[in-house]
Every structure is written in C-alpha cells, then in structure tokens.
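What follows is a single structure, written as structure tokens, with notes after it.
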Amino acid sequence: MLIRVKRGDNVLAAAESRLLLCCHAADGADRYFVKVSWGWTLLLLTPFLLLSNTAFSRNALFLGRRLLSLAVATTVWYIFTETFFYIEDVTGSCFKTDSMDTVSQEFTSKATCRRAGFHWHGYDISGHSFILTYSALFIVEETAPMASLRIGSLSTLPRIVLNLLYVALNLIVIIWLWMFICTSVYFHDLSHKVLGTVCGLLAWYLTYRLWYRHPLSPGLPPQRHMKEQT
C-alpha cells in the first residue's frame, strides 16, 4: 500500500511538473497573444464574418447587423476591463516593497505607483480569466455556422481564405483554453479568477442568450443556409 501511495505521489508530482513547464513555456504566448488577445480576435474574426455571412446572404442590412456584433463585443470588453482597473485602483494602496510592509501615501493610483518603481496591491479581478473566457465563447458562437455553410457560392480565393481563417480561429481558441488553464492553476487569487471567469460568462450570456434573440440587436449568427440575395 505504501509503495502504491508513493507511486501515486510521483505521478502527481510529474504531472504538476509538466504542467508547470508548459505554463512557463506559455510566457511567450502570454506576451504575444493574451496581452493583445482582443486584437487577434478582431483581426481574424472581422474578415471571417464578412466572408462567412456573405455566403449566407449578401443583403447589406444583414451584413451590417452581423458586423455590429464586433462593435458590441469590443464595447463589452472595454467596459469590463476598465471596470476591473477602476476596482483595483480604488481598493489598492502603494507599497515601497513587495512584502507590503511600508505604505507610500504619495501615489493614489496603480499607474503612478508602478512608474515610481513601487508595488500596487488592490483587488485585482483577473482580466486574463475574463478575456480568455469571453473571447473563446465569442469566437465559438460566430464560427458555429461553418457546420451548415455552403461555400460553393464563393469564388476560389475567398473560399480558401475563409477555410484558413476558420482553422486559425480554432487554433486561437485552443491557445486561449491552454492559457486559461495556466492562469487558473498558477496566477491570481481564487476569488479574482472566479470573478473574472463569471464576468466573461455573464457578458456572453447577456448578449448571445438574451439580447441577440431580439429584433433590435445585431442578431444571432445564421444557423442554417439562407437564400442568397444579390
């Protein structure tokens, strides 16, 4: 029994070590992808929406409404992230050392405190957990119509580009999930991660499960082939 316990501990330790190595390797992904994750999302999703929705319908009003979902999502992202920054500012204090033993009353915001070379400690809702959750769900919702999309109406080049964009968006979702796991295991306090994730789920639910089902909205992505209008 003791041998089995030791073997189990070794397996867990090895698994944790491998996950830690993967997350350290993810530092590059964090720098080049997650910190500008919304930029990557818009860069790939904007042409994808144009091409995929054109294959469903070429009605200008329809295409305009579908592209409006990008503006709505960007507004949601901006409001939530700015709110997180504000909460961290109003709940935090500037410390001269990372051990939080000496408070500097001179600096009253995270930006000025950091510029002075000090350490700011406030309630830091995980922006990573929020953006990775919200962005992944946003991409999944908008790429779902590919399952029922008839791309025969598109010429060869747009069809190739659309398929490449679809593959790239799926790879981005995989990266987001990988980074979400690393964030969940190694970064932020539990309450910060949970609240950030809940905010991401809430933003998705309020738009795609509630508002987008009403006429005065960008509308849901088309789920079946629509008759083309020229």
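Residue numbers start at 1 in each chain; chains themselves are named A, B, ... in the order of the structure tokens; ligands are numbered from 1 in the order shown.
In the backbone-derived DSSP annotation, strand (DSSP E or B) within region 91-147 of chain A comprises Ser93, Cys94, Phe95, Val103, Ser104, His119, Trp120 and His121 of chain A.
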If you count only C-alpha atoms, which residues fall within 9 Å of region 165-172 of chain A, apart from same-chain ones fewer than 6 positions away, as a short mmCIF file (atom, residue, chain, number, x, y, z; two decimals) with C-alpha atoms, in the first residue's frame?
data_model
loop_
_atom_site.label_atom_id
_atom_site.label_comp_id
_atom_site.auth_asym_id
_atom_site.auth_seq_id
_atom_site.Cartn_x
_atom_site.Cartn_y
_atom_site.Cartn_z
CA PHE A 33 -1.23 36.61 -27.78
CA TRP A 40 -6.05 38.89 -32.51
CA THR A 41 -9.75 38.14 -32.13
CA LEU A 44 -9.19 37.11 -37.59
CA LEU A 45 -12.90 37.35 -36.88
CA PRO A 47 -12.74 39.03 -42.35
CA PHE A 48 -14.24 35.69 -41.28
CA ALA A 136 -13.30 31.93 -26.68
CA ILE A 139 -15.32 33.00 -31.41
CA VAL A 140 -17.21 29.73 -30.91
CA THR A 143 -17.80 30.30 -36.17
CA MET A 146 -19.45 26.87 -40.64
#
Give the answer as one residue: which of A:Leu154, A:Leu49, A:Ile181, A:Cys94 has the shortest atom-to-atom distance to Phe62 (chain A), using only C-alpha atoms?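 Nearest to Phe62 (chain A): A:Leu49.
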All residues 12 Å or closer to Thr102 (chain A), only C-alpha atoms, same chain fewer than 3 positions away omitted, as a PyMOL selection string: chain A and resi 93-99+105+118-120
Take the selection from the previous step and output its residues with N, CA, C and O atoms, as a PDB file, in the first residue's frame.
ATOM      1  N   SER A  93      -3.474  50.088  -2.504  1.00  0.00           N
ATOM      2  CA  SER A  93      -2.525  51.015  -1.888  1.00  0.00           C
ATOM      3  C   SER A  93      -1.158  50.775  -2.503  1.00  0.00           C
ATOM      4  O   SER A  93      -0.865  49.697  -3.034  1.00  0.00           O
ATOM      5  N   CYS A  94      -0.314  51.808  -2.422  1.00  0.00           N
ATOM      6  CA  CYS A  94       1.034  51.729  -2.975  1.00  0.00           C
ATOM      7  C   CYS A  94       2.014  51.357  -1.871  1.00  0.00           C
ATOM      8  O   CYS A  94       2.040  51.990  -0.805  1.00  0.00           O
ATOM      9  N   PHE A  95       2.818  50.319  -2.113  1.00  0.00           N
ATOM     10  CA  PHE A  95       3.789  49.848  -1.125  1.00  0.00           C
ATOM     11  C   PHE A  95       5.196  49.974  -1.698  1.00  0.00           C
ATOM     12  O   PHE A  95       5.414  49.728  -2.890  1.00  0.00           O
ATOM     13  N   LYS A  96       6.122  50.337  -0.834  1.00  0.00           N
ATOM     14  CA  LYS A  96       7.501  50.514  -1.275  1.00  0.00           C
ATOM     15  C   LYS A  96       8.211  49.195  -1.525  1.00  0.00           C
ATOM     16  O   LYS A  96       9.180  49.140  -2.278  1.00  0.00           O
ATOM     17  N   THR A  97       7.736  48.138  -0.881  1.00  0.00           N
ATOM     18  CA  THR A  97       8.306  46.811  -1.110  1.00  0.00           C
ATOM     19  C   THR A  97       7.179  45.830  -1.393  1.00  0.00           C
ATOM     20  O   THR A  97       6.028  46.064  -1.027  1.00  0.00           O
ATOM     21  N   ASP A  98       7.528  44.713  -2.025  1.00  0.00           N
ATOM     22  CA  ASP A  98       6.522  43.711  -2.379  1.00  0.00           C
ATOM     23  C   ASP A  98       5.977  42.985  -1.161  1.00  0.00           C
ATOM     24  O   ASP A  98       4.931  42.329  -1.221  1.00  0.00           O
ATOM     25  N   SER A  99       6.687  43.079  -0.045  1.00  0.00           N
ATOM     26  CA  SER A  99       6.216  42.444   1.188  1.00  0.00           C
ATOM     27  C   SER A  99       5.141  43.261   1.887  1.00  0.00           C
ATOM     28  O   SER A  99       4.616  42.872   2.927  1.00  0.00           O
ATOM     29  N   GLN A 105       1.914  56.919   0.762  1.00  0.00           N
ATOM     30  CA  GLN A 105       0.661  57.651   0.602  1.00  0.00           C
ATOM     31  C   GLN A 105       0.713  58.648  -0.552  1.00  0.00           C
ATOM     32  O   GLN A 105      -0.306  59.217  -0.940  1.00  0.00           O
ATOM     33  N   PHE A 118       7.365  51.318  -7.396  1.00  0.00           N
ATOM     34  CA  PHE A 118       6.810  50.672  -6.209  1.00  0.00           C
ATOM     35  C   PHE A 118       5.821  49.579  -6.604  1.00  0.00           C
ATOM     36  O   PHE A 118       5.669  49.250  -7.773  1.00  0.00           O
ATOM     37  N   HIS A 119       5.129  49.036  -5.613  1.00  0.00           N
ATOM     38  CA  HIS A 119       4.228  47.902  -5.834  1.00  0.00           C
ATOM     39  C   HIS A 119       2.807  48.278  -5.417  1.00  0.00           C
ATOM     40  O   HIS A 119       2.587  48.790  -4.315  1.00  0.00           O
ATOM     41  N   TRP A 120       1.867  48.022  -6.315  1.00  0.00           N
ATOM     42  CA  TRP A 120       0.460  48.324  -6.037  1.00  0.00           C
ATOM     43  C   TRP A 120      -0.289  47.036  -5.724  1.00  0.00           C
ATOM     44  O   TRP A 120      -0.197  46.052  -6.442  1.00  0.00           O
TER      45      TRP A 120
END
